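Participant: File target.txt follows (compact mmCIF, C-alpha atoms):
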# COMPACT_ATOMS: atom_id res chain seq x y z
CA MET A 1 27.19 6.23 -76.32
CA PHE A 2 28.23 2.80 -77.57
CA GLN A 3 31.46 2.95 -75.58
CA THR A 4 29.52 3.85 -72.43
CA VAL A 5 27.14 0.92 -72.86
CA LYS A 6 30.07 -1.39 -73.57
CA GLU A 7 31.92 -0.28 -70.43
CA TRP A 8 28.78 -0.70 -68.34
CA PHE A 9 28.07 -4.17 -69.81
CA TRP A 10 31.56 -5.43 -69.04
CA LEU A 11 31.77 -4.06 -65.48
CA GLU A 12 33.95 -6.37 -63.44
CA ARG A 13 31.46 -6.60 -60.59
CA PHE A 14 28.90 -8.12 -63.00
CA TRP A 15 31.13 -10.81 -64.44
CA LEU A 16 33.85 -11.63 -61.94
CA PRO A 17 34.06 -12.58 -58.28
CA PRO A 18 35.13 -9.83 -55.85
CA THR A 19 38.87 -8.98 -55.88
CA ILE A 20 39.21 -10.36 -59.45
CA LYS A 21 39.85 -7.96 -62.33
CA TRP A 22 39.85 -8.39 -66.10
CA SER A 23 43.59 -7.77 -66.07
CA ASP A 24 43.97 -11.02 -64.11
CA LEU A 25 42.65 -12.86 -67.18
CA ASP A 26 45.02 -11.31 -69.72
CA ASP A 27 47.03 -13.76 -71.80
CA ARG A 28 50.49 -14.27 -70.37
CA ASP A 29 53.32 -16.79 -70.19
CA GLY A 30 51.87 -18.77 -73.10
CA LEU A 31 48.50 -19.13 -71.33
CA THR A 32 45.26 -18.07 -73.06
CA PHE A 33 42.06 -17.13 -71.26
CA PRO A 34 38.52 -17.04 -72.73
CA LYS A 35 37.46 -13.76 -74.31
CA ALA A 36 34.14 -12.70 -75.81
CA SER A 37 35.89 -11.92 -79.11
CA HIS A 38 36.66 -15.63 -79.50
CA LEU A 39 32.94 -16.26 -80.05
CA TYR A 40 32.89 -14.23 -83.28
CA ALA A 41 34.03 -17.43 -85.02
CA ILE A 42 30.61 -19.00 -84.35
CA ILE A 43 28.82 -17.09 -87.14
CA PRO A 44 31.03 -18.16 -90.08
CA PHE A 45 31.21 -21.71 -88.71
CA ALA A 46 27.39 -21.82 -88.45
CA PHE A 47 27.03 -20.84 -92.10
CA LEU A 48 29.74 -23.35 -93.00
CA LEU A 49 27.71 -26.07 -91.24
CA LEU A 50 24.62 -25.05 -93.23
CA ILE A 51 26.58 -25.48 -96.46
CA ILE A 52 27.98 -28.83 -95.32
CA ARG A 53 24.45 -29.86 -94.28
CA TYR A 54 23.07 -29.09 -97.74
CA PHE A 55 25.60 -31.32 -99.46
CA PHE A 56 25.32 -34.00 -96.75
CA GLU A 57 21.52 -34.24 -97.02
CA ASN A 58 21.60 -34.39 -100.82
CA PHE A 59 24.63 -36.60 -101.42
CA VAL A 60 24.82 -38.75 -98.28
CA ALA A 61 21.45 -38.82 -96.51
CA THR A 62 19.36 -39.11 -99.70
CA PRO A 63 21.21 -42.15 -101.15
CA LEU A 64 21.08 -43.72 -97.67
CA ALA A 65 17.32 -43.09 -97.52
CA ILE A 66 16.87 -44.66 -100.96
CA ALA A 67 18.85 -47.68 -99.78
CA PHE A 68 16.37 -47.98 -96.90
CA GLY A 69 13.51 -47.81 -99.38
CA ILE A 70 12.42 -44.25 -98.59
CA ARG A 71 11.23 -42.27 -101.58
CA LYS A 72 9.93 -38.76 -102.03
CA THR A 73 6.26 -39.56 -102.41
CA ALA A 74 4.23 -37.34 -104.69
CA ARG A 75 0.78 -36.87 -103.23
CA LYS A 76 -1.35 -36.29 -106.31
CA ILE A 77 -4.67 -34.53 -106.08
CA ILE A 78 -7.31 -33.65 -108.64
CA PRO A 79 -7.32 -29.84 -109.07
CA ASN A 80 -10.50 -28.20 -107.83
CA SER A 81 -10.66 -24.40 -107.71
CA ILE A 82 -13.67 -24.30 -105.35
CA LEU A 83 -12.04 -26.53 -102.75
CA GLU A 84 -8.62 -24.94 -103.22
CA ASN A 85 -9.97 -21.43 -102.63
CA PHE A 86 -11.76 -22.60 -99.49
CA PHE A 87 -8.59 -24.40 -98.31
CA LYS A 88 -6.47 -21.26 -98.65
CA ALA A 89 -8.99 -18.59 -97.64
CA SER A 90 -10.99 -20.26 -94.86
CA THR A 91 -9.65 -23.38 -93.15
CA GLN A 92 -7.80 -26.60 -93.85
CA ARG A 93 -10.27 -28.55 -91.71
CA PRO A 94 -13.82 -27.73 -92.81
CA SER A 95 -16.77 -28.51 -90.58
CA HIS A 96 -19.50 -30.97 -91.54
CA ASP A 97 -21.72 -28.12 -92.75
CA ASP A 98 -18.85 -26.72 -94.82
CA ILE A 99 -18.24 -30.14 -96.39
CA TYR A 100 -21.94 -30.47 -97.24
CA GLY A 101 -21.99 -27.05 -98.92
CA LEU A 102 -18.72 -27.65 -100.79
CA ALA A 103 -19.99 -31.01 -102.02
CA LYS A 104 -23.03 -29.30 -103.52
CA LYS A 105 -20.95 -26.52 -105.12
CA SER A 106 -18.31 -28.82 -106.60
CA ASN A 107 -20.71 -31.61 -107.61
CA LEU A 108 -18.86 -34.15 -105.46
CA THR A 109 -19.89 -36.43 -102.62
CA GLU A 110 -19.13 -35.46 -99.04
CA ARG A 111 -16.75 -38.43 -98.85
CA GLN A 112 -14.82 -37.17 -101.86
CA VAL A 113 -14.57 -33.67 -100.36
CA GLU A 114 -13.25 -35.09 -97.08
CA ARG A 115 -10.69 -37.16 -98.96
CA TRP A 116 -9.64 -34.16 -101.07
CA PHE A 117 -8.99 -32.07 -97.95
CA ARG A 118 -7.12 -34.93 -96.27
CA ILE A 119 -4.76 -35.33 -99.24
CA ARG A 120 -4.40 -31.57 -99.56
CA ARG A 121 -3.43 -31.25 -95.88
CA ASN A 122 -0.89 -34.04 -96.34
CA GLN A 123 0.68 -32.07 -99.19
CA GLU A 124 1.49 -29.36 -96.67
CA ARG A 125 3.30 -31.79 -94.41
CA PRO A 126 6.94 -32.78 -94.91
CA CYS A 127 7.57 -36.16 -96.49
CA ARG A 128 9.47 -39.00 -94.86
CA LEU A 129 12.53 -38.31 -97.00
CA LYS A 130 12.95 -34.80 -95.60
CA LYS A 131 12.47 -36.07 -92.04
CA PHE A 132 15.06 -38.79 -92.65
CA GLN A 133 17.53 -36.26 -94.07
CA GLU A 134 17.24 -34.02 -91.01
CA ALA A 135 17.51 -36.92 -88.56
CA CYS A 136 20.53 -38.31 -90.42
CA TRP A 137 22.29 -34.92 -90.30
CA ARG A 138 21.63 -34.43 -86.59
CA PHE A 139 22.69 -38.01 -85.83
CA THR A 140 25.99 -37.48 -87.66
CA VAL A 141 26.73 -34.19 -85.88
CA TYR A 142 25.77 -35.50 -82.45
CA PHE A 143 27.87 -38.63 -83.02
CA LEU A 144 30.93 -36.55 -83.94
CA ILE A 145 30.34 -34.14 -81.04
CA ASN A 146 30.11 -37.07 -78.60
CA ILE A 147 33.35 -38.53 -79.94
CA ALA A 148 34.96 -35.09 -79.56
CA GLY A 149 33.58 -34.75 -76.02
CA ILE A 150 35.05 -38.09 -74.99
CA ALA A 151 38.41 -37.21 -76.57
CA PHE A 152 38.46 -33.79 -74.89
CA LEU A 153 37.35 -34.93 -71.41
CA TYR A 154 38.72 -38.43 -70.82
CA ASP A 155 42.03 -37.18 -69.38
CA LYS A 156 40.69 -34.11 -67.54
CA PRO A 157 40.66 -34.39 -63.72
CA TRP A 158 37.40 -32.40 -63.36
CA ALA A 159 35.57 -35.06 -65.39
CA TYR A 160 36.09 -37.45 -62.46
CA ASP A 161 36.44 -35.11 -59.48
CA LEU A 162 33.90 -32.26 -59.61
CA TRP A 163 35.80 -30.27 -56.97
CA GLN A 164 38.46 -29.72 -59.64
CA VAL A 165 35.96 -27.63 -61.62
CA TRP A 166 36.46 -24.77 -59.15
CA VAL A 167 40.16 -25.06 -58.33
CA ASP A 168 41.86 -21.71 -59.18
CA TYR A 169 38.62 -20.28 -60.57
CA PRO A 170 38.45 -17.95 -62.48
CA ARG A 171 42.17 -18.01 -63.28
CA GLN A 172 41.80 -21.17 -65.35
CA PRO A 173 43.59 -21.07 -68.73
CA LEU A 174 41.74 -22.05 -71.88
CA LEU A 175 42.79 -25.32 -73.51
CA PRO A 176 42.62 -25.76 -77.32
CA SER A 177 40.29 -28.75 -76.87
CA GLN A 178 37.89 -26.62 -74.80
CA TYR A 179 37.94 -23.88 -77.41
CA TRP A 180 37.00 -26.21 -80.27
CA TYR A 181 34.43 -28.09 -78.19
CA TYR A 182 32.62 -24.81 -77.49
CA ILE A 183 32.94 -23.43 -81.02
CA ILE A 184 31.66 -26.60 -82.68
CA GLU A 185 28.76 -26.99 -80.25
CA MET A 186 27.67 -23.35 -80.40
CA SER A 187 28.03 -23.22 -84.19
CA PHE A 188 25.80 -26.29 -84.50
CA TYR A 189 23.04 -24.82 -82.33
CA CYS A 190 23.34 -21.52 -84.14
CA SER A 191 22.91 -23.34 -87.48
CA LEU A 192 19.80 -25.06 -86.11
CA LEU A 193 18.33 -21.67 -85.25
CA LEU A 194 19.15 -20.32 -88.71
CA SER A 195 17.42 -23.28 -90.37
CA VAL A 196 14.42 -23.42 -88.03
CA GLY A 197 12.18 -21.83 -90.68
CA SER A 198 12.82 -24.58 -93.23
CA ASP A 199 13.10 -27.58 -90.90
CA VAL A 200 10.20 -29.89 -90.10
CA LYS A 201 7.95 -28.19 -87.55
CA ARG A 202 6.71 -30.34 -84.68
CA LYS A 203 4.49 -29.81 -81.68
CA ASP A 204 7.49 -28.98 -79.48
CA PHE A 205 8.70 -26.32 -81.95
CA LEU A 206 8.57 -23.55 -79.32
CA ALA A 207 10.30 -25.71 -76.71
CA ASN A 208 13.06 -26.50 -79.22
CA VAL A 209 13.59 -22.82 -80.03
CA ILE A 210 13.71 -22.01 -76.30
CA HIS A 211 16.16 -24.87 -75.81
CA HIS A 212 18.48 -23.66 -78.60
CA LEU A 213 18.38 -20.06 -77.33
CA ALA A 214 18.94 -21.17 -73.73
CA ALA A 215 21.80 -23.43 -74.81
CA LEU A 216 23.50 -20.65 -76.79
CA SER A 217 22.95 -18.14 -73.98
CA LEU A 218 24.24 -20.59 -71.40
CA MET A 219 27.33 -21.52 -73.38
CA GLY A 220 28.09 -17.92 -74.33
CA PHE A 221 27.66 -16.66 -70.79
CA SER A 222 29.70 -19.51 -69.31
CA TRP A 223 32.45 -18.71 -71.81
CA CYS A 224 32.61 -15.04 -70.83
CA ALA A 225 32.56 -15.90 -67.11
CA ASN A 226 35.18 -18.66 -67.64
CA TYR A 227 32.84 -21.42 -66.50
CA ILE A 228 34.51 -23.55 -69.16
CA ARG A 229 35.15 -26.68 -67.13
CA GLY A 230 31.60 -26.93 -65.87
CA GLY A 231 30.28 -25.95 -69.30
CA THR A 232 31.98 -28.86 -71.06
CA LEU A 233 30.43 -31.29 -68.55
CA VAL A 234 26.96 -29.81 -69.11
CA MET A 235 27.34 -30.11 -72.89
CA PHE A 236 28.51 -33.71 -72.75
CA VAL A 237 25.66 -34.80 -70.45
CA HIS A 238 23.13 -33.20 -72.81
CA ASP A 239 24.60 -34.65 -76.01
CA VAL A 240 25.04 -38.25 -74.94
CA ALA A 241 21.36 -39.22 -75.38
CA ASP A 242 20.70 -37.41 -78.65
CA ILE A 243 22.51 -39.85 -80.93
CA TRP A 244 20.14 -42.63 -79.83
CA LEU A 245 17.07 -40.49 -80.48
CA GLU A 246 18.14 -39.47 -83.96
CA SER A 247 19.11 -43.02 -84.91
CA ALA A 248 15.70 -44.25 -83.67
CA LYS A 249 14.01 -41.63 -85.87
CA MET A 250 16.00 -42.74 -88.91
CA PHE A 251 14.93 -46.35 -88.52
CA SER A 252 11.36 -45.27 -87.78
CA TYR A 253 11.16 -43.36 -91.07
CA ALA A 254 12.71 -46.39 -92.83
CA GLY A 255 10.00 -48.66 -91.39
CA TRP A 256 12.35 -50.76 -89.24
CA LYS A 257 9.97 -50.75 -86.27
CA LYS A 258 11.73 -53.31 -84.05
CA THR A 259 15.10 -51.61 -84.49
CA CYS A 260 13.47 -48.23 -83.88
CA ASN A 261 11.81 -49.47 -80.69
CA GLY A 262 15.05 -50.96 -79.39
CA LEU A 263 17.00 -47.75 -80.04
CA PHE A 264 14.23 -45.68 -78.49
CA PHE A 265 14.32 -47.77 -75.32
CA ILE A 266 18.09 -47.20 -75.15
CA PHE A 267 17.53 -43.47 -75.71
CA SER A 268 14.89 -43.35 -72.96
CA LEU A 269 17.20 -45.10 -70.52
CA VAL A 270 20.15 -42.83 -71.33
CA PHE A 271 17.90 -39.73 -71.29
CA PHE A 272 16.40 -40.40 -67.86
CA ILE A 273 19.76 -41.36 -66.36
CA SER A 274 21.61 -38.33 -67.82
CA ARG A 275 18.86 -35.70 -67.42
CA PHE A 276 17.15 -36.82 -64.21
CA ILE A 277 20.00 -38.38 -62.21
CA ILE A 278 23.41 -37.20 -63.40
CA TYR A 279 22.35 -33.66 -64.35
CA PRO A 280 20.45 -32.63 -61.19
CA PHE A 281 22.43 -34.61 -58.61
CA TRP A 282 25.94 -34.15 -60.05
CA ILE A 283 26.01 -31.23 -62.46
CA LEU A 284 23.59 -28.89 -60.67
CA HIS A 285 25.17 -29.82 -57.36
CA CYS A 286 28.54 -28.93 -58.88
CA THR A 287 27.34 -25.53 -60.15
CA ILE A 288 25.11 -24.52 -57.22
CA ILE A 289 26.64 -26.01 -54.06
CA LEU A 290 30.36 -26.60 -54.66
CA PRO A 291 31.34 -23.04 -55.73
CA LEU A 292 30.05 -21.68 -52.41
CA HIS A 293 33.05 -23.34 -50.74
CA TYR A 294 35.38 -21.17 -52.85
CA LEU A 295 33.60 -17.85 -53.32
CA ASN A 296 30.51 -15.83 -52.49
CA PRO A 297 27.57 -15.78 -54.94
CA PHE A 298 27.96 -13.20 -57.70
CA PHE A 299 25.96 -12.25 -60.82
CA PRO A 300 27.19 -14.94 -63.29
CA TYR A 301 26.73 -17.58 -60.58
CA ILE A 302 23.06 -16.60 -60.18
CA LEU A 303 22.29 -16.15 -63.89
CA LEU A 304 24.00 -19.32 -65.06
CA ASN A 305 22.27 -21.45 -62.46
CA LEU A 306 18.90 -19.95 -63.37
CA GLN A 307 19.51 -21.01 -66.98
CA LEU A 308 20.58 -24.48 -65.87
CA ILE A 309 17.35 -24.79 -63.88
CA LEU A 310 15.39 -23.66 -66.96
CA LEU A 311 17.01 -26.52 -68.87
CA GLN A 312 15.89 -28.93 -66.17
CA ILE A 313 12.31 -27.68 -66.58
CA LEU A 314 12.58 -28.41 -70.30
CA HIS A 315 13.85 -31.88 -69.39
CA LEU A 316 10.60 -32.45 -67.47
CA TYR A 317 8.57 -31.49 -70.53
CA TRP A 318 10.53 -33.77 -72.85
CA GLY A 319 10.43 -36.53 -70.26
CA TYR A 320 6.63 -36.30 -70.37
CA LEU A 321 6.68 -36.64 -74.18
CA ILE A 322 9.02 -39.63 -73.94
CA LEU A 323 6.73 -41.36 -71.45
CA LYS A 324 3.80 -40.84 -73.83
CA MET A 325 5.78 -42.43 -76.64
CA LEU A 326 6.82 -45.34 -74.42
CA ASN A 327 3.19 -45.84 -73.45
CA ARG A 328 2.21 -45.93 -77.12
CA CYS A 329 5.03 -48.33 -77.93
CA ILE A 330 4.36 -50.76 -75.06
CA PHE A 331 0.57 -50.76 -74.91
CA MET A 332 -0.42 -49.77 -78.45
CA GLU A 333 2.49 -51.34 -80.36
CA ASN A 334 2.83 -48.17 -82.39
CA MET A 335 5.99 -46.13 -82.01
CA GLN A 336 5.49 -42.66 -83.42
CA ASP A 337 6.93 -39.29 -82.57
CA VAL A 338 4.13 -37.61 -80.58
CA ARG A 339 5.55 -34.25 -81.69
CA SER A 340 4.75 -34.95 -85.35
CA ASP A 341 1.59 -34.54 -87.36
CA ASP A 342 -0.46 -37.71 -87.74
CA GLU A 343 -0.21 -37.91 -91.52
CA GLU A 344 0.35 -41.66 -91.74
CA GLU A 345 -2.49 -42.40 -89.33
CA GLU A 346 -4.88 -40.42 -91.48
CA GLU A 347 -3.78 -42.23 -94.62
CA VAL A 348 -4.08 -45.67 -92.98
CA GLU A 349 -7.51 -44.78 -91.63
CA ASP A 350 -8.56 -43.68 -95.11
CA GLU A 351 -7.29 -46.88 -96.71
CA GLU A 352 -8.95 -49.09 -94.10
CA GLU A 353 -12.27 -47.36 -94.60
CA GLU A 354 -11.99 -47.81 -98.36
CA ALA A 355 -11.15 -51.49 -97.90
CA LYS A 356 -14.32 -51.96 -95.85
CA ASN A 357 -16.39 -49.96 -98.34
CA PRO A 358 -14.81 -50.48 -101.78
CA GLU A 359 -17.56 -48.78 -103.71
CA SER A 360 -16.63 -45.47 -102.06
CA LYS A 361 -13.18 -45.62 -103.62
CA ASP A 362 -14.50 -45.41 -107.14
CA ILE A 363 -16.17 -42.26 -108.24
CA LYS A 364 -19.57 -43.87 -108.48
CA CYS A 365 -22.49 -42.53 -106.58
CA VAL A 366 -26.25 -42.75 -106.56
CA LYS A 367 -26.34 -39.86 -104.11
CA ASN A 368 -26.33 -37.09 -106.68
CA GLY A 369 -28.82 -38.78 -108.95
CA PHE A 370 -26.48 -40.87 -111.15
CA GLY A 371 -26.91 -44.57 -111.61
CA ASP A 372 -24.29 -47.08 -110.66
CA SER A 373 -23.36 -47.62 -114.29
CA ARG A 374 -22.51 -43.97 -114.86
CA PRO A 375 -19.44 -42.57 -113.11
CA LEU A 376 -19.61 -39.18 -111.49
CA THR A 377 -17.09 -36.81 -113.03
CA HIS A 378 -15.45 -33.93 -111.21
CA ASN A 379 -16.44 -30.27 -111.47
CA GLY A 380 -19.53 -31.17 -113.48
CA GLN A 381 -17.51 -32.07 -116.59
CA HIS A 382 -18.71 -35.21 -118.45
CA SER A 383 -16.09 -37.64 -119.65
CA ARG A 384 -15.55 -38.01 -123.35
Will you turn the file into structure tokens for me?
Facilitator:
Amino acid sequence: MFQTVKEWFWLERFWLPPTIKWSDLDDRDGLTFPKASHLYAIIPFAFLLLIIRYFFENFVATPLAIAFGIRKTARKIIPNSILENFFKASTQRPSHDDIYGLAKKSNLTERQVERWFRIRRNQERPCRLKKFQEACWRFTVYFLINIAGIAFLYDKPWAYDLWQVWVDYPRQPLLPSQYWYYIIEMSFYCSLLLSVGSDVKRKDFLANVIHHLAALSLMGFSWCANYIRGGTLVMFVHDVADIWLESAKMFSYAGWKKTCNGLFFIFSLVFFISRFIIYPFWILHCTIILPLHYLNPFFPYILLNLQLILLQILHLYWGYLILKMLNRCIFMENMQDVRSDDEEEEEVEDEEEEAKNPESKDIKCVKNGFGDSRPLTHNGQHSR
């Protein structure tokens, strides 16, 4: 049964142009051709990257964060079983009626209940240190991958003449640089998928998962169909902007707003040039139009281009988010990742309100029948 499915899956008419057979891609005369079995190395390398990431975040990113003045803030909260049970069993954002009822049950003011829930929600959100660690790790990997991409592509003729991508296709031997470029890139995306449960979740969480799956599917399929030359160009165009984004995040978490804004403007420029000019008008033209001069459309040609178009749709979504962030930066003078939870905004709003109304900060209230000289204690317990 398994052998039958395997033979059907690897039918030559699915993967190769007409007149080409798998035997034409057998290793010979010192030349190596891509094989699906080569991709087995991705799994151990992905786990190796997770191990390296653990040590990097703890022994490189954390000291760097401390040098930038980022600490792991402990958000303290006064324990309250009534509010805690409601927080876990009902909702993290109670309505006005819920707050009124909880204030009566817990012998607190409505303002104190609102503040308790705000701090409690912030405890569920990742701290700046964790965000900095993740951004620092991704910046380092993207930086190294970009250096590798430049080293692997600078002397390749198809990096300058896109017609060379299809010369002698699919009888194009695999170069060692292409092998390692693919393995490193796919292992990194695989490690991101493995760590998605523990990483900081943002509003574009689903889009990121789709992107990682599409990227792995695209790279794996292009490997098996020997679209290696075009694949390396696609990877490089997608990686070149990411180092600027991750560096901007690092400085944002460190509070270096001007540096963050400058890096984000560079990222936006590189992103829109690479994803909305180079990618559709050079890369997609290379993968959709140019191969028709050499061969008739076949299954990998159709599937790979559908995935490349899916990536372009994701580019439109991320471009929309970037424009929102640019709008906030230019007109509101507040650069913040629109994908993140608004924890800091809530805290600032809370502090500003307390500054305008200082008596609300202390636990003094005439509302529940106590005089100004007698502080209200929590949970109905009088102070000793």
Participant: Excluding A:Val60 and residues on its chain fewer than 3 positions from it, collect all residues at most 12 Å away from it, counting all atoms listed in the file, and give them as a PyMOL selection string.
Facilitator: chain A and resi 52-57+63-67+132-134+136-137+140
Participant: With a distance cut-off of 12 Å and all atoms listed in the file, select the neighbouring residues of A:Val113, excluding the residue or stretch itself and same-chain residues fewer than 6 positions from it, and output the selection as a ChimeraX atom specification.
Facilitator: /A:77-80,82-84,86-87,92-107,119-120,363,378-379
Participant: Pick out the residues sitting within 12 Å of A:Lys156, and hand them over as a ChimeraX atom specification; count only C-alpha atoms, and ignore anything fewer than 5 positions along from it in its own chain.
Facilitator: /A:149-151,161-162,164-165,175,177-178,229-230,232-233
Participant: Have a look at A:Ala36, A:Ile243, A:Ile42, A:Leu174 and name the one nearest to A:Ile228; count only C-alpha atoms.
Facilitator: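 Ranked by minimum distance to A:Ile228, first place goes to A:Leu174.
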Participant: Return the single residue from A:His38, A:Arg138, A:Arg13, A:His293 that is closest to A:Asp239, with distances computed using all atoms listed in the file.
Facilitator: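 That would be A:Arg138, the residue with the smallest distance to A:Asp239.
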Participant: One number please: atom CA of A:Phe45 to atom CA of A:Leu144, in Å, one decimal.
Facilitator: 15.6 Å
Participant: Rank A:Met219, A:Ala89, A:Met325, A:Ile283 by their smallest atom-to-atom distance to A:Ala159, using only C-alpha atoms, and report the top residue only.
Facilitator: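 Checking each of A:Met219, A:Ala89, A:Met325, A:Ile283 against A:Ala159, counting only C-alpha atoms, the winner is A:Ile283.
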Participant: If I take atom CA of A:Leu192 and atom CA of A:Phe267, how far is one from the other in Å, to one decimal?
Facilitator: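 Between these atoms lies a distance of 21.3 Å.
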Participant: Pick the closest to A:Leu308 from A:Tyr294, A:Cys329, A:Phe221, A:Leu245: which is it, counting all atoms listed in the file?
Facilitator: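 Of all the options, A:Phe221 lies closest to A:Leu308.
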Participant: For atom CA of A:Phe299 and atom CA of A:Phe14, quote the distance in Å rounded to one decimal.
Facilitator: 5.5 Å
Participant: What are the closest atom pairs, with distances in Å to one decimal, for each residue of stretch 140-253 of chain A lying within 12 Å of stretch 19-22 of chain A, using all atoms listed in the file, rows by chain and rising residue number, as CSV?
Facilitator:
residue,atom,partner,partner_atom,distance
A:Asp168,CA,A:Ile20,CA,11.7
A:Tyr169,CA,A:Ile20,CA,10.0
A:Pro170,CA,A:Ile20,CA,8.2
A:Arg171,CA,A:Ile20,CA,9.1
A:Cys224,CA,A:Trp22,CA,10.9
A:Ala225,CA,A:Trp22,CA,10.5
A:Asn226,CA,A:Trp22,CA,11.4
Participant: Would you save the residues from that selection as a compact mmCIF listing (two decimals), in the coordinates of the input, using C-alpha atoms?
Facilitator:
# COMPACT_ATOMS: atom_id res chain seq x y z
CA ASP A 168 41.86 -21.71 -59.18
CA TYR A 169 38.62 -20.28 -60.57
CA PRO A 170 38.45 -17.95 -62.48
CA ARG A 171 42.17 -18.01 -63.28
CA CYS A 224 32.61 -15.04 -70.83
CA ALA A 225 32.56 -15.90 -67.11
CA ASN A 226 35.18 -18.66 -67.64
Participant: Just checking: using all atoms listed in the file, which residue out of A:Trp180, A:Pro126, A:His315, A:Val240 ends up closest to A:Arg202?
Facilitator: A:Pro126
Participant: Quick one: everything within 9 Å of A:Gln307, counting all atoms listed in the file, minus sequence neighbours fewer than 2 positions away in the same chain. Send it as a PyMOL selection string.
Facilitator: chain A and resi 214-215+217-218+302-305+309-312
Participant: Of the candidates A:Met250, A:Ile266, A:Ala41, A:Ile145, which shows the shortest atom-to-atom distance to A:Cys190, using only C-alpha atoms?
Facilitator: A:Ala41
